[in-house]
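Printed here is upload-v3.pdb (PDB, C-alpha atoms, pLDDT in the B column):
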ATOM      1  CA  MET Q   1     -17.471  18.414  23.041  1.00 91.00           C
ATOM      2  CA  LYS Q   2     -20.196  16.868  20.890  1.00 95.00           C
ATOM      3  CA  LEU Q   3     -20.024  15.551  17.325  1.00 95.00           C
ATOM      4  CA  ILE Q   4     -22.758  17.367  15.395  1.00 93.00           C
ATOM      5  CA  ASP Q   5     -21.826  16.498  11.794  1.00 94.00           C
ATOM      6  CA  LYS Q   6     -20.580  12.941  11.253  1.00 93.00           C
ATOM      7  CA  LYS Q   7     -19.933  13.385   7.528  1.00 94.00           C
ATOM      8  CA  TYR Q   8     -17.517  16.295   7.975  1.00 93.00           C
ATOM      9  CA  ALA Q   9     -16.526  15.610  11.616  1.00 94.00           C
ATOM     10  CA  VAL Q  10     -17.588  18.980  13.035  1.00 96.00           C
ATOM     11  CA  TYR Q  11     -17.792  19.297  16.812  1.00 96.00           C
ATOM     12  CA  LEU Q  12     -19.774  21.619  19.069  1.00 97.00           C
ATOM     13  CA  LEU Q  13     -17.442  22.934  21.763  1.00 97.00           C
ATOM     14  CA  ASP Q  14     -18.328  22.756  25.445  1.00 94.00           C
ATOM     15  CA  ASP Q  15     -18.864  25.926  27.434  1.00 90.00           C
ATOM     16  CA  ASP Q  16     -17.151  24.596  30.558  1.00 89.00           C
ATOM     17  CA  ASN Q  17     -13.869  23.256  29.144  1.00 93.00           C
ATOM     18  CA  PHE Q  18     -11.438  24.306  26.438  1.00 96.00           C
ATOM     19  CA  ASP Q  19     -10.878  20.984  24.651  1.00 96.00           C
ATOM     20  CA  PHE Q  20     -10.561  20.813  20.860  1.00 97.00           C
ATOM     21  CA  PRO Q  21     -10.679  17.938  18.364  1.00 96.00           C
ATOM     22  CA  LYS Q  22      -7.391  16.099  17.917  1.00 96.00           C
ATOM     23  CA  LEU Q  23      -5.783  15.430  14.549  1.00 95.00           C
ATOM     24  CA  ASN Q  24      -7.223  11.924  14.237  1.00 95.00           C
ATOM     25  CA  MET Q  25     -10.737  13.344  14.751  1.00 96.00           C
ATOM     26  CA  MET Q  26     -10.530  15.801  11.828  1.00 96.00           C
ATOM     27  CA  LYS Q  27     -11.841  15.394   8.270  1.00 95.00           C
ATOM     28  CA  ASP Q  28     -12.679  18.754   6.674  1.00 96.00           C
ATOM     29  CA  ASP Q  29     -11.209  22.246   7.167  1.00 97.00           C
ATOM     30  CA  LEU Q  30     -13.979  23.271   9.572  1.00 97.00           C
ATOM     31  CA  VAL Q  31     -13.459  21.210  12.734  1.00 98.00           C
ATOM     32  CA  ALA Q  32     -15.561  22.895  15.436  1.00 98.00           C
ATOM     33  CA  VAL Q  33     -18.143  25.570  16.205  1.00 97.00           C
ATOM     34  CA  GLY Q  34     -19.159  27.366  19.368  1.00 96.00           C
ATOM     35  CA  GLY Q  35     -17.156  28.193  22.449  1.00 96.00           C
ATOM     36  CA  ASP Q  36     -15.913  31.662  23.226  1.00 95.00           C
ATOM     37  CA  PHE Q  37     -12.804  33.832  23.063  1.00 96.00           C
ATOM     38  CA  HIS Q  38     -11.481  33.063  26.537  1.00 97.00           C
ATOM     39  CA  PRO Q  39      -7.695  33.508  26.174  1.00 97.00           C
ATOM     40  CA  GLN Q  40      -6.920  29.955  27.267  1.00 97.00           C
ATOM     41  CA  ARG Q  41      -9.417  28.531  24.772  1.00 98.00           C
ATOM     42  CA  VAL Q  42      -7.822  30.501  21.939  1.00 98.00           C
ATOM     43  CA  ILE Q  43      -4.315  29.463  23.009  1.00 98.00           C
ATOM     44  CA  ASN Q  44      -5.423  25.825  23.217  1.00 98.00           C
ATOM     45  CA  ALA Q  45      -6.842  26.118  19.713  1.00 98.00           C
ATOM     46  CA  TYR Q  46      -3.573  27.323  18.209  1.00 98.00           C
ATOM     47  CA  GLU Q  47      -1.602  24.696  20.139  1.00 97.00           C
ATOM     48  CA  ASN Q  48      -3.859  22.129  18.455  1.00 97.00           C
ATOM     49  CA  GLY Q  49      -3.378  23.587  14.974  1.00 98.00           C
ATOM     50  CA  ILE Q  50      -6.776  25.305  14.985  1.00 98.00           C
ATOM     51  CA  PHE Q  51      -7.741  28.956  14.599  1.00 97.00           C
ATOM     52  CA  PRO Q  52     -11.015  30.924  14.722  1.00 96.00           C
ATOM     53  CA  TRP Q  53     -12.051  32.358  11.366  1.00 90.00           C
ATOM     54  CA  TYR Q  54     -15.441  33.999  11.716  1.00 87.00           C
ATOM     55  CA  ILE Q  55     -18.658  34.242  13.728  1.00 86.00           C
ATOM     56  CA  ASP Q  56     -21.860  33.125  11.987  1.00 85.00           C
ATOM     57  CA  ASP Q  57     -25.335  34.672  12.140  1.00 80.00           C
ATOM     58  CA  TYR Q  58     -26.172  32.509  15.166  1.00 81.00           C
ATOM     59  CA  ASN Q  59     -23.144  33.878  17.042  1.00 87.00           C
ATOM     60  CA  TYR Q  60     -21.178  30.633  16.771  1.00 93.00           C
ATOM     61  CA  ILE Q  61     -17.424  30.928  16.341  1.00 95.00           C
ATOM     62  CA  HIS Q  62     -16.161  28.733  13.486  1.00 96.00           C
ATOM     63  CA  TRP Q  63     -12.818  27.010  14.166  1.00 98.00           C
ATOM     64  CA  PHE Q  64     -10.641  25.788  11.298  1.00 98.00           C
ATOM     65  CA  SER Q  65      -7.678  23.504  10.713  1.00 98.00           C
ATOM     66  CA  PRO Q  66      -7.057  23.509   6.938  1.00 97.00           C
ATOM     67  CA  GLN Q  67      -6.166  20.232   5.246  1.00 97.00           C
ATOM     68  CA  LYS Q  68      -3.591  22.254   3.298  1.00 98.00           C
ATOM     69  CA  ARG Q  69      -1.667  24.733   5.427  1.00 98.00           C
ATOM     70  CA  MET Q  70       0.130  27.761   3.974  1.00 98.00           C
ATOM     71  CA  VAL Q  71       3.508  28.223   5.682  1.00 98.00           C
ATOM     72  CA  LEU Q  72       6.890  29.858   5.254  1.00 98.00           C
ATOM     73  CA  LYS Q  73      10.274  29.268   6.827  1.00 98.00           C
ATOM     74  CA  PRO Q  74      11.578  32.700   7.896  1.00 97.00           C
ATOM     75  CA  ASN Q  75      14.820  32.323   5.933  1.00 97.00           C
ATOM     76  CA  GLU Q  76      13.020  31.409   2.702  1.00 97.00           C
ATOM     77  CA  MET Q  77      11.121  34.619   2.001  1.00 97.00           C
ATOM     78  CA  LYS Q  78      11.381  35.712  -1.635  1.00 96.00           C
ATOM     79  CA  VAL Q  79      12.389  39.355  -2.047  1.00 95.00           C
ATOM     80  CA  SER Q  80      11.859  40.828  -5.517  1.00 93.00           C
ATOM     81  CA  LYS Q  81      13.964  43.700  -6.838  1.00 93.00           C
ATOM     82  CA  SER Q  82      11.096  46.140  -6.387  1.00 92.00           C
ATOM     83  CA  LEU Q  83      10.449  44.945  -2.828  1.00 93.00           C
ATOM     84  CA  LYS Q  84      14.150  45.239  -2.027  1.00 93.00           C
ATOM     85  CA  LYS Q  85      13.970  48.905  -3.029  1.00 92.00           C
ATOM     86  CA  SER Q  86      10.958  49.396  -0.758  1.00 92.00           C
ATOM     87  CA  ILE Q  87      12.773  47.703   2.135  1.00 91.00           C
ATOM     88  CA  GLN Q  88      15.690  50.070   1.646  1.00 89.00           C
ATOM     89  CA  ASN Q  89      13.370  53.081   1.485  1.00 80.00           C
ATOM     90  CA  LYS Q  90      14.555  55.223   4.381  1.00 75.00           C
ATOM     91  CA  GLY Q  91      11.092  56.704   4.677  1.00 88.00           C
ATOM     92  CA  PHE Q  92       9.702  53.476   6.145  1.00 94.00           C
ATOM     93  CA  ILE Q  93      10.089  53.125   9.903  1.00 95.00           C
ATOM     94  CA  ILE Q  94       9.445  49.679  11.401  1.00 96.00           C
ATOM     95  CA  LYS Q  95       8.244  49.216  14.973  1.00 97.00           C
ATOM     96  CA  SER Q  96       6.992  46.249  16.983  1.00 97.00           C
ATOM     97  CA  ASN Q  97       4.037  46.251  19.371  1.00 97.00           C
ATOM     98  CA  GLU Q  98       3.814  50.039  19.533  1.00 96.00           C
ATOM     99  CA  ASN Q  99       0.144  50.123  18.545  1.00 97.00           C
ATOM    100  CA  PHE Q 100      -1.302  46.626  18.319  1.00 98.00           C
ATOM    101  CA  GLU Q 101      -4.907  47.796  18.425  1.00 98.00           C
ATOM    102  CA  ALA Q 102      -4.395  50.199  15.520  1.00 98.00           C
ATOM    103  CA  VAL Q 103      -2.951  47.369  13.429  1.00 98.00           C
ATOM    104  CA  ILE Q 104      -5.793  44.924  14.014  1.00 97.00           C
ATOM    105  CA  ARG Q 105      -8.397  47.629  13.437  1.00 97.00           C
ATOM    106  CA  ALA Q 106      -6.690  48.651  10.203  1.00 96.00           C
ATOM    107  CA  CYS Q 107      -6.728  45.001   9.100  1.00 95.00           C
ATOM    108  CA  SER Q 108     -10.453  44.868   9.802  1.00 93.00           C
ATOM    109  CA  GLU Q 109     -11.117  47.947   7.662  1.00 90.00           C
ATOM    110  CA  ILE Q 110      -9.213  46.939   4.534  1.00 81.00           C
ATOM    111  CA  LYS Q 111     -11.466  45.923   1.631  1.00 71.00           C
ATOM    112  CA  ARG Q 112     -10.336  42.622   0.122  1.00 60.00           C
ATOM    113  CA  LYS Q 113     -11.207  40.901  -3.142  1.00 57.00           C
ATOM    114  CA  HIS Q 114     -13.975  38.289  -2.967  1.00 49.00           C
ATOM    115  CA  GLU Q 115     -15.017  39.407   0.546  1.00 50.00           C
ATOM    116  CA  ASN Q 116     -18.185  41.402   1.189  1.00 46.00           C
ATOM    117  CA  SER Q 117     -17.371  42.047   4.833  1.00 46.00           C
ATOM    118  CA  THR Q 118     -14.567  41.512   7.311  1.00 62.00           C
ATOM    119  CA  TRP Q 119     -14.309  38.473   9.552  1.00 74.00           C
ATOM    120  CA  ILE Q 120     -12.390  40.592  12.081  1.00 88.00           C
ATOM    121  CA  SER Q 121     -15.384  41.617  14.173  1.00 90.00           C
ATOM    122  CA  ASP Q 122     -15.315  43.580  17.425  1.00 93.00           C
ATOM    123  CA  GLU Q 123     -15.271  40.248  19.294  1.00 93.00           C
ATOM    124  CA  PHE Q 124     -12.156  39.181  17.410  1.00 94.00           C
ATOM    125  CA  ILE Q 125     -10.490  42.526  17.996  1.00 96.00           C
ATOM    126  CA  GLN Q 126     -11.047  42.424  21.749  1.00 96.00           C
ATOM    127  CA  ALA Q 127      -9.957  38.781  21.947  1.00 96.00           C
ATOM    128  CA  TYR Q 128      -6.627  39.479  20.281  1.00 98.00           C
ATOM    129  CA  ILE Q 129      -6.067  42.658  22.275  1.00 98.00           C
ATOM    130  CA  ASN Q 130      -6.468  40.478  25.375  1.00 98.00           C
ATOM    131  CA  LEU Q 131      -3.895  38.045  23.979  1.00 98.00           C
ATOM    132  CA  HIS Q 132      -1.567  40.939  23.205  1.00 98.00           C
ATOM    133  CA  ASN Q 133      -1.835  42.069  26.823  1.00 98.00           C
ATOM    134  CA  LEU Q 134      -0.768  38.537  27.805  1.00 98.00           C
ATOM    135  CA  ASP Q 135       2.300  38.763  25.514  1.00 97.00           C
ATOM    136  CA  ILE Q 136       0.889  36.114  23.185  1.00 97.00           C
ATOM    137  CA  ALA Q 137      -0.171  38.305  20.239  1.00 98.00           C
ATOM    138  CA  PHE Q 138       2.260  40.671  18.533  1.00 98.00           C
ATOM    139  CA  SER Q 139       2.294  43.281  15.787  1.00 98.00           C
ATOM    140  CA  ILE Q 140       4.817  44.582  13.272  1.00 98.00           C
ATOM    141  CA  GLU Q 141       4.101  48.132  12.143  1.00 98.00           C
ATOM    142  CA  CYS Q 142       5.281  50.136   9.146  1.00 97.00           C
ATOM    143  CA  TYR Q 143       5.216  53.930   9.443  1.00 97.00           C
ATOM    144  CA  LEU Q 144       5.722  56.626   6.832  1.00 95.00           C
ATOM    145  CA  ASN Q 145       5.930  60.258   7.932  1.00 92.00           C
ATOM    146  CA  ASP Q 146       4.693  59.192  11.389  1.00 93.00           C
ATOM    147  CA  GLU Q 147       1.573  57.580   9.879  1.00 96.00           C
ATOM    148  CA  LEU Q 148       0.812  53.877  10.268  1.00 98.00           C
ATOM    149  CA  VAL Q 149       0.659  52.719   6.639  1.00 97.00           C
ATOM    150  CA  GLY Q 150       1.063  48.965   6.942  1.00 97.00           C
ATOM    151  CA  GLY Q 151       1.509  46.093   9.321  1.00 98.00           C
ATOM    152  CA  LEU Q 152       0.540  42.644  10.481  1.00 98.00           C
ATOM    153  CA  TYR Q 153      -0.321  40.770  13.652  1.00 98.00           C
ATOM    154  CA  GLY Q 154      -0.332  37.209  14.901  1.00 98.00           C
ATOM    155  CA  LEU Q 155       0.334  34.873  17.800  1.00 98.00           C
ATOM    156  CA  LEU Q 156       3.583  33.306  18.944  1.00 98.00           C
ATOM    157  CA  ILE Q 157       2.943  29.663  19.828  1.00 97.00           C
ATOM    158  CA  GLY Q 158       6.192  28.034  20.900  1.00 96.00           C
ATOM    159  CA  ASN Q 159       8.567  28.647  18.013  1.00 97.00           C
ATOM    160  CA  VAL Q 160       5.779  29.073  15.455  1.00 98.00           C
ATOM    161  CA  PHE Q 161       4.423  32.511  14.559  1.00 98.00           C
ATOM    162  CA  CYS Q 162       0.773  32.178  13.562  1.00 98.00           C
ATOM    163  CA  GLY Q 163       0.058  35.095  11.281  1.00 97.00           C
ATOM    164  CA  GLU Q 164      -3.490  36.415  11.324  1.00 96.00           C
ATOM    165  CA  SER Q 165      -3.820  39.363   8.971  1.00 95.00           C
ATOM    166  CA  MET Q 166      -1.934  42.224   7.348  1.00 96.00           C
ATOM    167  CA  PHE Q 167      -2.772  45.517   5.692  1.00 96.00           C
ATOM    168  CA  ALA Q 168      -1.189  48.183   3.521  1.00 95.00           C
ATOM    169  CA  LYS Q 169      -2.248  51.735   2.797  1.00 95.00           C
ATOM    170  CA  VAL Q 170       0.717  52.400   0.503  1.00 95.00           C
ATOM    171  CA  THR Q 171       2.515  50.114  -1.943  1.00 93.00           C
ATOM    172  CA  ASP Q 172       4.574  47.314  -0.345  1.00 94.00           C
ATOM    173  CA  ALA Q 173       3.975  48.463   3.246  1.00 96.00           C
ATOM    174  CA  SER Q 174       2.623  45.081   4.356  1.00 95.00           C
ATOM    175  CA  LYS Q 175       5.391  43.253   2.479  1.00 96.00           C
ATOM    176  CA  VAL Q 176       8.025  45.371   4.210  1.00 96.00           C
ATOM    177  CA  ALA Q 177       6.428  44.549   7.560  1.00 97.00           C
ATOM    178  CA  PHE Q 178       6.432  40.858   6.607  1.00 97.00           C
ATOM    179  CA  TYR Q 179      10.111  41.054   5.665  1.00 97.00           C
ATOM    180  CA  HIS Q 180      10.938  42.460   9.096  1.00 97.00           C
ATOM    181  CA  LEU Q 181       8.828  39.739  10.707  1.00 98.00           C
ATOM    182  CA  CYS Q 182      11.003  37.169   8.928  1.00 98.00           C
ATOM    183  CA  GLN Q 183      14.169  38.934  10.085  1.00 97.00           C
ATOM    184  CA  GLN Q 184      12.989  39.065  13.691  1.00 97.00           C
ATOM    185  CA  ALA Q 185      11.884  35.435  13.472  1.00 97.00           C
ATOM    186  CA  GLN Q 186      15.348  34.337  12.356  1.00 97.00           C
ATOM    187  CA  ASN Q 187      16.977  36.349  15.122  1.00 96.00           C
ATOM    188  CA  ASN Q 188      14.715  34.824  17.769  1.00 95.00           C
ATOM    189  CA  GLY Q 189      14.730  31.175  16.757  1.00 95.00           C
ATOM    190  CA  ILE Q 190      11.241  31.052  15.267  1.00 97.00           C
ATOM    191  CA  GLU Q 191      11.140  28.008  12.996  1.00 96.00           C
ATOM    192  CA  LEU Q 192       7.976  28.594  10.992  1.00 98.00           C
ATOM    193  CA  ILE Q 193       5.481  31.276  10.028  1.00 98.00           C
ATOM    194  CA  ASP Q 194       1.958  29.872   9.756  1.00 98.00           C
ATOM    195  CA  CYS Q 195       0.083  31.738   7.010  1.00 97.00           C
ATOM    196  CA  GLN Q 196      -3.031  29.563   7.436  1.00 96.00           C
ATOM    197  CA  VAL Q 197      -4.589  29.366   3.957  1.00 95.00           C
ATOM    198  CA  TYR Q 198      -3.371  29.951   0.415  1.00 94.00           C
ATOM    199  CA  ASN Q 199      -3.408  33.372  -1.174  1.00 91.00           C
ATOM    200  CA  ASP Q 200      -1.453  34.784  -4.099  1.00 93.00           C
ATOM    201  CA  HIS Q 201       0.033  37.611  -2.028  1.00 90.00           C
ATOM    202  CA  LEU Q 202       1.780  35.219   0.362  1.00 94.00           C
ATOM    203  CA  ALA Q 203       2.721  32.808  -2.416  1.00 96.00           C
ATOM    204  CA  SER Q 204       4.580  35.649  -4.126  1.00 94.00           C
ATOM    205  CA  LEU Q 205       6.641  36.020  -0.943  1.00 96.00           C
ATOM    206  CA  GLY Q 206       7.628  32.363  -0.923  1.00 97.00           C
ATOM    207  CA  ALA Q 207       4.913  30.777   1.204  1.00 98.00           C
ATOM    208  CA  TYR Q 208       3.780  27.294   0.202  1.00 98.00           C
ATOM    209  CA  GLU Q 209       1.268  24.632   1.228  1.00 98.00           C
ATOM    210  CA  ILE Q 210       1.959  21.554   3.343  1.00 98.00           C
ATOM    211  CA  SER Q 211      -0.405  18.877   4.584  1.00 98.00           C
ATOM    212  CA  ARG Q 212      -2.245  19.185   7.882  1.00 98.00           C
ATOM    213  CA  VAL Q 213      -0.334  16.155   9.169  1.00 98.00           C
ATOM    214  CA  GLU Q 214       3.015  17.748   8.310  1.00 98.00           C
ATOM    215  CA  TYR Q 215       1.991  21.034   9.908  1.00 98.00           C
ATOM    216  CA  PHE Q 216       0.983  19.269  13.127  1.00 98.00           C
ATOM    217  CA  LYS Q 217       4.354  17.498  13.213  1.00 97.00           C
ATOM    218  CA  ILE Q 218       6.244  20.789  12.933  1.00 97.00           C
ATOM    219  CA  LEU Q 219       3.942  22.510  15.427  1.00 97.00           C
ATOM    220  CA  ASN Q 220       4.308  19.765  18.033  1.00 96.00           C
ATOM    221  CA  GLU Q 221       8.090  19.781  17.642  1.00 96.00           C
ATOM    222  CA  ASN Q 222       8.126  23.493  18.460  1.00 95.00           C
ATOM    223  CA  LEU Q 223       5.477  23.825  21.176  1.00 92.00           C
ATOM    224  CA  ASP Q 224       7.851  23.317  24.093  1.00 74.00           C
ATOM    225  CA  SER Q 225      10.645  25.434  22.640  1.00 55.00           C
TER
END
As structure tokens, please, write out the structure in this file.
Amino acid sequence: MKLIDKKYAVYLLDDDNFDFPKLNMMKDDLVAVGGDFHPQRVINAYENGIFPWYIDDYNYIHWFSPQKRMVLKPNEMKVSKSLKKSIQNKGFIIKSNENFEAVIRACSEIKRKHENSTWISDEFIQAYINLHNLDIAFSIECYLNDELVGGLYGLLIGNVFCGESMFAKVTDASKVAFYHLCQQAQNNGIELIDCQVYNDHLASLGAYEISRVEYFKILNENLDS
């Protein structure tokens, strides 16, 4: 691992080992570039509070550890009156890990504000399918009339669920999936849902920002759980 930007403390990852910068080596949100999607490298990244965000034009993976981390305790999700009605809608059927690939591909196809293209490239998709096959990555799916209309996916690292992306094809479908994620998390002793970076959608559900230092403390307390 080589320091390539002293001002922002960005490191170039080695090809032959899976080490990542430690907390005391970090300055900005972007902490490393390079490497690959070997499952152990990706797992090591998440265990060190780091996640891959996108691949640049030179085919370098960019690895991030935000200075402000968006998180939610599973028992603190905010449920509005309208969302409560959607949750109680008997038309929605919730399943887990029935079609992980369909969920991640749907997430990659959703057009989002302020984004010209998706960061969920074919390389990302295959990497997370591999992690799903290793029982590290999981999906929550929302069906309506046998059609997949919403869902989310992420990684379980110790007792922290690291959410990656969600999608909805009908109103509230992703929020209903997120609600069921929180319910399953409470039932299975998951202490925290990592939402990565701020967005209004997650803030409306009760997610909030904590410092990188605080996130690392919580993560390390739950790695061996």
Written as a JSON list (two decimals) with C-alpha atoms, in the coordinates of the input, which residues does the PyMOL selection byres ((chain Q and resi 61-64) around 7) give for the file shown?
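Once written, expr.json looks like this:
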[["chain", "number", "residue", "atom", "x", "y", "z"],
["Q", 29, "ASP", "CA", -11.21, 22.25, 7.17],
["Q", 30, "LEU", "CA", -13.98, 23.27, 9.57],
["Q", 31, "VAL", "CA", -13.46, 21.21, 12.73],
["Q", 32, "ALA", "CA", -15.56, 22.90, 15.44],
["Q", 33, "VAL", "CA", -18.14, 25.57, 16.20],
["Q", 34, "GLY", "CA", -19.16, 27.37, 19.37],
["Q", 35, "GLY", "CA", -17.16, 28.19, 22.45],
["Q", 50, "ILE", "CA", -6.78, 25.30, 14.98],
["Q", 51, "PHE", "CA", -7.74, 28.96, 14.60],
["Q", 52, "PRO", "CA", -11.02, 30.92, 14.72],
["Q", 53, "TRP", "CA", -12.05, 32.36, 11.37],
["Q", 54, "TYR", "CA", -15.44, 34.00, 11.72],
["Q", 55, "ILE", "CA", -18.66, 34.24, 13.73],
["Q", 56, "ASP", "CA", -21.86, 33.12, 11.99],
["Q", 59, "ASN", "CA", -23.14, 33.88, 17.04],
["Q", 60, "TYR", "CA", -21.18, 30.63, 16.77],
["Q", 65, "SER", "CA", -7.68, 23.50, 10.71],
["Q", 66, "PRO", "CA", -7.06, 23.51, 6.94]]
Q: Could you expand the PyMOL selection byres ((chain Q and resi 186) around 12) into the explicit residues it covers here, written as a PyMOL selection string?
A: chain Q and resi 72-77+159-161+179-185+187-193
(Q) Within 12 Å of (-18.1, 15.2, 6.9) (file coordinates; only C-alpha atoms), which protein or nucleic acid residues are there? I'd like them as an MDAnalysis selection string. (A) chainID Q and resid 3:11 25:32
Given the file shown, enumerate the residues that the PyMOL selection byres ((chain Q and resi 20) around 10) captures and present them as a short mmCIF file (atom, residue, chain, number, x, y, z; two decimals) with C-alpha atoms, in the frame of the given file.
data_model
loop_
_atom_site.label_atom_id
_atom_site.label_comp_id
_atom_site.auth_asym_id
_atom_site.auth_seq_id
_atom_site.Cartn_x
_atom_site.Cartn_y
_atom_site.Cartn_z
CA MET Q 1 -17.47 18.41 23.04
CA TYR Q 11 -17.79 19.30 16.81
CA LEU Q 12 -19.77 21.62 19.07
CA LEU Q 13 -17.44 22.93 21.76
CA ASP Q 14 -18.33 22.76 25.44
CA ASN Q 17 -13.87 23.26 29.14
CA PHE Q 18 -11.44 24.31 26.44
CA ASP Q 19 -10.88 20.98 24.65
CA PRO Q 21 -10.68 17.94 18.36
CA LYS Q 22 -7.39 16.10 17.92
CA LEU Q 23 -5.78 15.43 14.55
CA MET Q 25 -10.74 13.34 14.75
CA VAL Q 31 -13.46 21.21 12.73
CA ALA Q 32 -15.56 22.90 15.44
CA ARG Q 41 -9.42 28.53 24.77
CA ASN Q 44 -5.42 25.82 23.22
CA ALA Q 45 -6.84 26.12 19.71
CA TYR Q 46 -3.57 27.32 18.21
CA GLU Q 47 -1.60 24.70 20.14
CA ASN Q 48 -3.86 22.13 18.45
CA GLY Q 49 -3.38 23.59 14.97
CA ILE Q 50 -6.78 25.30 14.98
CA TRP Q 63 -12.82 27.01 14.17
#
Q) Separation of atom CA of Q:Ala127 and atom CA of Q:Asp146, in Å? A) 27.3 Å
Put the listed atoms of stretch 191-195 of chain Q in a box along x, y and z with 3 Å added on every side and give me the centre and edge lengths in Å to one decimal, as AutoDock Vina command-line options.
--center_x 5.6 --center_y 29.9 --center_z 10.0 --size_x 17.1 --size_y 9.7 --size_z 12.0
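If you measure from each of Q:Leu219, Q:Cys142, Q:Ile136, Q:Asp36 to Q:Asp172 using all atoms listed in the file, the closest one turns out to be Q:Cys142.
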Would you mind completing stretch 23-36 of chain Q so that it carries N, CA and C atoms, and writing it out as a tab-separated table (two decimals), in the frame of the given file?
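Output file out.tsv follows:
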chain	number	residue	atom	x	y	z
Q	23	LEU	N	-6.04	15.64	15.97
Q	23	LEU	CA	-5.78	15.43	14.55
Q	23	LEU	C	-6.54	14.23	13.99
Q	24	ASN	N	-6.57	13.13	14.75
Q	24	ASN	CA	-7.22	11.92	14.24
Q	24	ASN	C	-8.75	12.01	14.23
Q	25	MET	N	-9.29	13.13	14.74
Q	25	MET	CA	-10.74	13.34	14.75
Q	25	MET	C	-11.18	14.26	13.61
Q	26	MET	N	-10.23	14.79	12.84
Q	26	MET	CA	-10.53	15.80	11.83
Q	26	MET	C	-10.72	15.19	10.45
Q	27	LYS	N	-11.64	15.77	9.67
Q	27	LYS	CA	-11.84	15.39	8.27
Q	27	LYS	C	-11.73	16.61	7.36
Q	28	ASP	N	-12.63	17.58	7.54
Q	28	ASP	CA	-12.68	18.75	6.67
Q	28	ASP	C	-11.89	19.90	7.30
Q	29	ASP	N	-11.91	21.07	6.64
Q	29	ASP	CA	-11.21	22.25	7.17
Q	29	ASP	C	-11.89	22.79	8.42
Q	30	LEU	N	-13.22	22.84	8.40
Q	30	LEU	CA	-13.98	23.27	9.57
Q	30	LEU	C	-14.03	22.10	10.55
Q	31	VAL	N	-13.53	22.32	11.78
Q	31	VAL	CA	-13.46	21.21	12.73
Q	31	VAL	C	-14.34	21.41	13.96
Q	32	ALA	N	-14.75	22.66	14.24
Q	32	ALA	CA	-15.56	22.90	15.44
Q	32	ALA	C	-16.30	24.22	15.32
Q	33	VAL	N	-17.39	24.32	16.09
Q	33	VAL	CA	-18.14	25.57	16.20
Q	33	VAL	C	-18.46	25.79	17.68
Q	34	GLY	N	-18.76	27.05	18.00
Q	34	GLY	CA	-19.16	27.37	19.37
Q	34	GLY	C	-18.00	27.84	20.22
Q	35	GLY	N	-18.18	27.72	21.53
Q	35	GLY	CA	-17.16	28.19	22.45
Q	35	GLY	C	-17.16	29.70	22.57
Q	36	ASP	N	-16.05	30.22	23.03
Q	36	ASP	CA	-15.91	31.66	23.23
Q	36	ASP	C	-14.46	32.06	22.99
